[in-house]
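Listing of work-v4.csv, CSV, N, CA and C atoms
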```csv
chain,number,residue,atom,x,y,z
A,156,MET,N,0.9,-1.2,0.0
A,156,MET,CA,0.0,0.0,0.0
A,156,MET,C,0.9,1.2,0.0
A,157,SER,N,0.5,2.3,-0.7
A,157,SER,CA,1.2,3.5,-0.7
A,157,SER,C,0.3,4.7,-0.3
A,158,VAL,N,0.9,5.6,0.5
A,158,VAL,CA,0.2,6.8,0.9
A,158,VAL,C,0.9,8.0,0.4
A,159,SER,N,0.2,9.0,-0.2
A,159,SER,CA,0.9,10.1,-0.8
A,159,SER,C,0.1,11.4,-0.7
A,160,LYS,N,0.7,12.5,-0.7
A,160,LYS,CA,0.1,13.8,-0.7
A,160,LYS,C,1.0,14.8,-1.4
A,161,ARG,N,0.5,15.7,-2.2
A,161,ARG,CA,1.3,16.6,-2.9
A,161,ARG,C,2.2,17.4,-2.0
A,162,GLY,N,3.5,17.5,-2.3
A,162,GLY,CA,4.4,18.2,-1.5
A,162,GLY,C,5.1,17.3,-0.4
A,163,TYR,N,4.7,16.1,-0.3
A,163,TYR,CA,5.3,15.1,0.6
A,163,TYR,C,5.8,13.9,-0.1
A,164,THR,N,6.8,13.2,0.5
A,164,THR,CA,7.3,12.0,-0.1
A,164,THR,C,6.3,10.9,0.2
A,165,THR,N,6.2,10.0,-0.8
A,165,THR,CA,5.3,8.9,-0.7
A,165,THR,C,5.9,7.8,0.2
A,166,VAL,N,5.0,7.2,1.0
A,166,VAL,CA,5.4,6.1,1.9
A,166,VAL,C,4.7,4.9,1.4
A,167,LYS,N,5.5,3.8,1.3
A,167,LYS,CA,5.0,2.5,0.8
A,167,LYS,C,5.2,1.5,1.9
A,168,ARG,N,4.2,0.7,2.2
A,168,ARG,CA,4.3,-0.4,3.2
A,168,ARG,C,3.5,-1.6,2.8
A,169,ASN,N,3.9,-2.8,3.2
A,169,ASN,CA,3.1,-4.0,3.0
A,169,ASN,C,2.2,-4.1,4.3
A,170,ILE,N,0.9,-4.3,4.0
A,170,ILE,CA,0.0,-4.4,5.1
A,170,ILE,C,-0.8,-5.7,5.0
A,171,GLN,N,-0.9,-6.4,6.1
A,171,GLN,CA,-1.7,-7.6,6.1
A,171,GLN,C,-3.0,-7.4,6.7
A,172,VAL,N,-4.1,-7.8,6.0
A,172,VAL,CA,-5.5,-7.6,6.4
A,172,VAL,C,-5.9,-8.9,7.0
A,173,ASN,N,-6.4,-8.9,8.3
A,173,ASN,CA,-6.8,-10.1,8.9
A,173,ASN,C,-8.3,-10.0,9.2
A,174,LYS,N,-9.0,-11.2,9.4
A,174,LYS,CA,-10.4,-11.2,9.8
A,174,LYS,C,-10.5,-10.7,11.2
A,175,GLY,N,-11.6,-10.2,11.5
A,175,GLY,CA,-11.8,-9.7,12.9
A,175,GLY,C,-12.1,-8.2,13.0
A,176,PRO,N,-11.9,-7.6,14.1
A,176,PRO,CA,-12.1,-6.2,14.3
A,176,PRO,C,-11.2,-5.4,13.4
A,177,ALA,N,-11.6,-4.2,13.1
A,177,ALA,CA,-10.8,-3.3,12.3
A,177,ALA,C,-9.6,-2.8,13.1
A,178,THR,N,-8.5,-2.6,12.3
A,178,THR,CA,-7.3,-2.0,12.9
A,178,THR,C,-6.9,-0.8,12.1
A,179,THR,N,-6.1,0.0,12.7
A,179,THR,CA,-5.7,1.3,12.1
A,179,THR,C,-4.2,1.2,11.8
A,180,GLN,N,-3.7,1.9,10.8
A,180,GLN,CA,-2.3,2.1,10.5
A,180,GLN,C,-2.0,3.5,10.4
A,181,GLU,N,-0.9,4.0,11.1
A,181,GLU,CA,-0.6,5.4,11.0
A,181,GLU,C,0.6,5.5,10.1
A,182,PHE,N,0.6,6.6,9.3
A,182,PHE,CA,1.6,6.9,8.3
A,182,PHE,C,2.1,8.3,8.6
A,183,THR,N,3.4,8.5,8.6
A,183,THR,CA,4.0,9.8,8.8
A,183,THR,C,4.7,10.2,7.5
A,184,LEU,N,4.1,11.3,6.9
A,184,LEU,CA,4.7,11.8,5.7
A,184,LEU,C,5.7,12.9,5.9
A,185,LYS,N,6.8,13.0,5.2
A,185,LYS,CA,7.8,14.0,5.4
A,185,LYS,C,7.7,14.9,4.1
A,186,ARG,N,7.8,16.2,4.4
A,186,ARG,CA,7.8,17.2,3.3
A,186,ARG,C,9.0,17.0,2.4
A,187,ASN,N,8.8,17.2,1.1
A,187,ASN,CA,9.9,17.0,0.2
A,187,ASN,C,10.6,18.3,-0.1
A,188,GLY,N,10.5,19.3,0.7
A,188,GLY,CA,11.2,20.6,0.5
A,188,GLY,C,10.4,21.7,0.0
A,189,GLN,N,9.2,21.5,-0.5
A,189,GLN,CA,8.3,22.6,-1.0
A,189,GLN,C,7.5,23.1,0.2
A,190,SER,N,7.2,24.4,0.1
A,190,SER,CA,6.3,25.1,1.1
A,190,SER,C,4.9,25.1,0.6
A,191,LEU,N,4.0,24.5,1.3
A,191,LEU,CA,2.6,24.5,0.9
A,191,LEU,C,1.7,25.2,1.9
A,192,ASP,N,0.6,25.7,1.5
A,192,ASP,CA,-0.4,26.3,2.4
A,192,ASP,C,-1.4,25.2,2.8
A,193,GLU,N,-2.4,25.5,3.6
A,193,GLU,CA,-3.4,24.5,4.1
A,193,GLU,C,-4.1,23.8,2.9
A,194,ALA,N,-4.3,24.5,1.8
A,194,ALA,CA,-5.1,23.9,0.7
A,194,ALA,C,-4.1,23.0,-0.2
A,195,GLY,N,-2.9,23.0,0.1
A,195,GLY,CA,-1.9,22.2,-0.6
A,195,GLY,C,-1.3,22.9,-1.8
A,196,THR,N,-1.5,24.2,-1.9
A,196,THR,CA,-1.0,25.0,-3.0
A,196,THR,C,0.4,25.4,-2.7
A,197,GLU,N,1.3,25.3,-3.6
A,197,GLU,CA,2.7,25.7,-3.4
A,197,GLU,C,2.8,27.2,-3.2
A,198,LEU,N,3.6,27.6,-2.2
A,198,LEU,CA,3.7,29.0,-1.8
A,198,LEU,C,5.0,29.5,-2.5
A,199,GLU,N,4.9,30.8,-2.8
A,199,GLU,CA,6.1,31.5,-3.4
A,199,GLU,C,6.8,32.3,-2.3
A,200,GLU,N,8.1,32.3,-2.3
A,200,GLU,CA,8.9,33.0,-1.4
A,200,GLU,C,8.9,34.5,-1.7
A,201,VAL,N,8.6,35.4,-0.8
A,201,VAL,CA,8.5,36.8,-1.0
A,201,VAL,C,9.8,37.4,-0.4
A,202,LYS,N,10.5,38.2,-1.2
A,202,LYS,CA,11.7,38.9,-0.7
A,202,LYS,C,11.3,40.2,-0.1
A,203,MET,N,11.8,40.5,1.1
A,203,MET,CA,11.5,41.7,1.8
A,203,MET,C,12.4,42.9,1.3
A,204,ASP,N,13.3,42.7,0.4
A,204,ASP,CA,14.2,43.7,-0.1
A,204,ASP,C,13.5,44.6,-1.1
A,205,ASP,N,12.3,44.2,-1.5
A,205,ASP,CA,11.6,44.9,-2.6
A,205,ASP,C,10.6,46.0,-2.0
A,206,LYS,N,10.9,46.5,-0.8
A,206,LYS,CA,10.1,47.5,-0.2
A,206,LYS,C,10.2,48.8,-0.9
A,207,LYS,N,9.0,49.5,-1.1
A,207,LYS,CA,9.0,50.8,-1.7
A,207,LYS,C,8.6,51.8,-0.6
A,208,PRO,N,9.2,53.0,-0.6
A,208,PRO,CA,8.8,54.0,0.4
A,208,PRO,C,7.3,54.5,0.1
A,209,VAL,N,6.6,54.8,1.2
A,209,VAL,CA,5.3,55.4,1.1
A,209,VAL,C,5.4,56.9,0.9
A,210,PRO,N,4.7,57.5,-0.1
A,210,PRO,CA,4.8,58.9,-0.2
A,210,PRO,C,4.2,59.6,1.0
A,211,VAL,N,4.8,60.7,1.4
A,211,VAL,CA,4.4,61.5,2.5
A,211,VAL,C,3.0,62.1,2.2
A,212,SER,N,2.7,62.5,1.0
A,212,SER,CA,1.4,63.1,0.6
A,212,SER,C,0.3,62.1,0.8
A,213,LEU,N,0.6,60.8,0.6
A,213,LEU,CA,-0.4,59.7,0.8
A,213,LEU,C,-0.8,59.6,2.3
A,214,VAL,N,0.3,59.6,3.1
A,214,VAL,CA,0.1,59.5,4.6
A,214,VAL,C,-0.7,60.7,5.1
A,215,ILE,N,-0.4,61.9,4.6
A,215,ILE,CA,-1.1,63.1,5.1
A,215,ILE,C,-2.5,63.1,4.6
A,216,GLY,N,-2.7,62.7,3.3
A,216,GLY,CA,-4.1,62.6,2.8
A,216,GLY,C,-5.0,61.7,3.6
A,217,LEU,N,-4.5,60.5,3.9
A,217,LEU,CA,-5.2,59.5,4.6
A,217,LEU,C,-5.5,60.0,6.0
A,218,THR,N,-4.6,60.7,6.6
A,218,THR,CA,-4.8,61.2,8.0
A,218,THR,C,-5.9,62.2,8.0
A,219,ILE,N,-5.9,63.1,7.0
A,219,ILE,CA,-7.0,64.1,6.9
A,219,ILE,C,-8.3,63.5,6.7
A,220,VAL,N,-8.4,62.5,5.8
A,220,VAL,CA,-9.6,61.8,5.6
A,220,VAL,C,-10.1,61.1,6.9
A,221,CYS,N,-9.2,60.5,7.6
A,221,CYS,CA,-9.6,59.8,8.9
A,221,CYS,C,-10.1,60.9,9.9
A,222,LEU,N,-9.5,62.0,10.0
A,222,LEU,CA,-9.9,63.1,10.9
A,222,LEU,C,-11.3,63.6,10.5
A,223,ILE,N,-11.5,63.8,9.3
A,223,ILE,CA,-12.8,64.3,8.8
A,223,ILE,C,-13.9,63.3,9.1
A,224,SER,N,-13.6,62.0,8.9
A,224,SER,CA,-14.6,61.0,9.2
A,224,SER,C,-14.9,60.9,10.6
A,225,LEU,N,-13.9,61.1,11.5
A,225,LEU,CA,-14.1,61.1,12.9
A,225,LEU,C,-14.9,62.2,13.4
A,226,MET,N,-14.7,63.4,12.8
A,226,MET,CA,-15.5,64.6,13.2
A,226,MET,C,-16.9,64.4,12.7
A,227,LEU,N,-17.2,63.9,11.5
A,227,LEU,CA,-18.5,63.7,11.1
A,227,LEU,C,-19.3,62.7,12.0
A,228,ALA,N,-18.6,61.6,12.4
A,228,ALA,CA,-19.2,60.6,13.3
A,228,ALA,C,-19.5,61.2,14.6
A,229,LEU,N,-18.7,62.1,15.1
A,229,LEU,CA,-18.9,62.8,16.4
A,229,LEU,C,-20.1,63.7,16.3
A,230,VAL,N,-20.2,64.5,15.2
A,230,VAL,CA,-21.4,65.4,15.0
A,230,VAL,C,-22.7,64.6,14.9
A,231,LEU,N,-22.6,63.5,14.2
A,231,LEU,CA,-23.8,62.6,14.1
A,231,LEU,C,-24.2,62.1,15.4
A,232,ALA,N,-23.3,61.6,16.2
A,232,ALA,CA,-23.6,61.1,17.6
A,232,ALA,C,-24.2,62.2,18.4
A,233,ILE,N,-23.7,63.4,18.3
A,233,ILE,CA,-24.2,64.5,19.1
A,233,ILE,C,-25.7,64.9,18.7
A,234,MET,N,-25.9,64.9,17.4
A,234,MET,CA,-27.3,65.2,16.9
A,234,MET,C,-28.3,64.1,17.3
A,235,LEU,N,-27.8,62.8,17.2
A,235,LEU,CA,-28.7,61.7,17.7
A,235,LEU,C,-29.0,61.8,19.2
A,236,ALA,N,-28.0,62.1,19.9
A,236,ALA,CA,-28.2,62.2,21.4
A,236,ALA,C,-29.1,63.4,21.7
A,237,LYS,N,-29.1,64.5,21.0
A,237,LYS,CA,-30.0,65.6,21.3
A,237,LYS,C,-31.4,65.2,20.9
A,238,LYS,N,-31.5,64.5,19.8
A,238,LYS,CA,-32.9,64.2,19.3
A,238,LYS,C,-33.6,63.2,20.3
A,239,TYR,N,-32.9,62.2,20.7
A,239,TYR,CA,-33.5,61.2,21.6
A,239,TYR,C,-33.5,61.6,23.1
A,240,ARG,N,-32.9,62.7,23.4
A,240,ARG,CA,-32.9,63.1,24.8
A,240,ARG,C,-33.8,64.3,25.0
A,241,GLY,N,-34.6,64.6,24.0
A,241,GLY,CA,-35.5,65.7,24.2
A,241,GLY,C,-34.9,67.1,23.9
A,242,GLY,N,-33.9,67.1,23.1
A,242,GLY,CA,-33.2,68.4,22.9
A,242,GLY,C,-33.9,69.3,22.0
A,243,ASN,N,-35.1,68.9,21.4
A,243,ASN,CA,-35.8,69.8,20.5
A,243,ASN,C,-37.0,70.5,21.2
A,244,ASN,N,-37.0,70.5,22.5
A,244,ASN,CA,-38.0,71.3,23.3
A,244,ASN,C,-39.4,71.1,22.9
A,245,ILE,N,-39.9,69.9,22.6
A,245,ILE,CA,-41.3,69.7,22.4
A,245,ILE,C,-41.9,69.2,23.7
A,246,THR,N,-42.9,69.9,24.2
A,246,THR,CA,-43.5,69.4,25.5
A,246,THR,C,-44.6,68.4,25.2
A,247,GLN,N,-44.9,67.7,26.2
A,247,GLN,CA,-45.9,66.6,26.0
A,247,GLN,C,-47.3,67.2,25.9
A,248,THR,N,-47.6,68.4,26.4
A,248,THR,CA,-48.9,69.0,26.3
A,248,THR,C,-49.3,69.3,24.8
A,249,GLU,N,-48.4,69.5,23.9
A,249,GLU,CA,-48.8,69.7,22.6
A,249,GLU,C,-49.4,68.5,21.9
A,250,TYR,N,-49.1,67.3,22.4
A,250,TYR,CA,-49.7,66.1,21.8
A,250,TYR,C,-50.8,65.6,22.6
A,251,SER,N,-51.0,66.0,23.9
A,251,SER,CA,-52.0,65.4,24.7
A,251,SER,C,-53.3,66.2,24.7
A,252,GLN,N,-53.4,67.4,24.1
A,252,GLN,CA,-54.6,68.1,24.0
A,252,GLN,C,-55.5,67.6,23.0
A,253,VAL,N,-56.8,67.4,23.5
A,253,VAL,CA,-57.8,66.9,22.6
A,253,VAL,C,-58.9,68.0,22.4
A,254,HIS,N,-59.2,68.2,21.1
A,254,HIS,CA,-60.3,69.2,20.8
A,254,HIS,C,-61.5,68.5,20.3
A,255,THR,N,-62.6,68.8,20.9
A,255,THR,CA,-63.9,68.2,20.5
A,255,THR,C,-64.8,69.4,20.1
A,256,ASP,N,-65.4,69.2,19.0
A,256,ASP,CA,-66.4,70.2,18.5
A,256,ASP,C,-67.8,69.6,18.7
A,257,PRO,N,-68.8,70.5,19.2
A,257,PRO,CA,-70.1,69.9,19.3
A,257,PRO,C,-70.9,69.7,18.1
```

Show this structure as structure tokens.
Amino acid sequence: MSVSKRGYTTVKRNIQVNKGPATTQEFTLKRNGQSLDEAGTELEEVKMDDKKPVPVSLVIGLTIVCLISLMLALVLAIMLAKKYRGGNNITQTEYSQVHTDP
């Protein structure tokens, strides 16, 4: 019997099957030098020497966008808090008055 998996060396063994209860056989496969991910796909080596500097204008632009987004979120939170806390000064008597005409 032989057991194999892509990226590993094949293991061959003679196995005798006897009558009776089932038995298990364990196989240990050794990598054949290739790097594989969990799906069995061969991985490529990435060199860290290929770094490119990040432009300062990009960093400044992204920082400004983040600050504007943060300010807009803060304004929205304040507006919602005022609305649901009764910040628009509507009294309950405006809605509770009933007018009946004879």

Contacts of Asn169 (chain A) at 8 Å (all atoms listed in the file; same-chain gap of 3+ positions) as an MDAnalysis selection string: chainID A and resid 156:157 166 172

Separation of atom C of Val220 (chain A) from atom N of Ala232 (chain A), in Å and rounded to one decimal: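 Atom N of Ala232 (chain A) lies at a distance of 16.2 Å from atom C of Val220 (chain A).
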
Residues near Val158 (chain A), cut-off 7 Å, all atoms listed in the file, skip fewer than 3 positions along chain, as a list in words: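 So the residues in contact are Thr164, Thr165, Val166, Lys167 and Arg168 of chain A.
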
Length of the atom C of Arg186 (chain A) to atom C of Ser159 (chain A) vector [Å]: 11.0 Å

Two-atom distance - atom N of Ala236 (chain A), CA of Ser224 (chain A) (Å):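 Between atom N of Ala236 (chain A) and CA of Ser224 (chain A) the gap works out to 17.2 Å.
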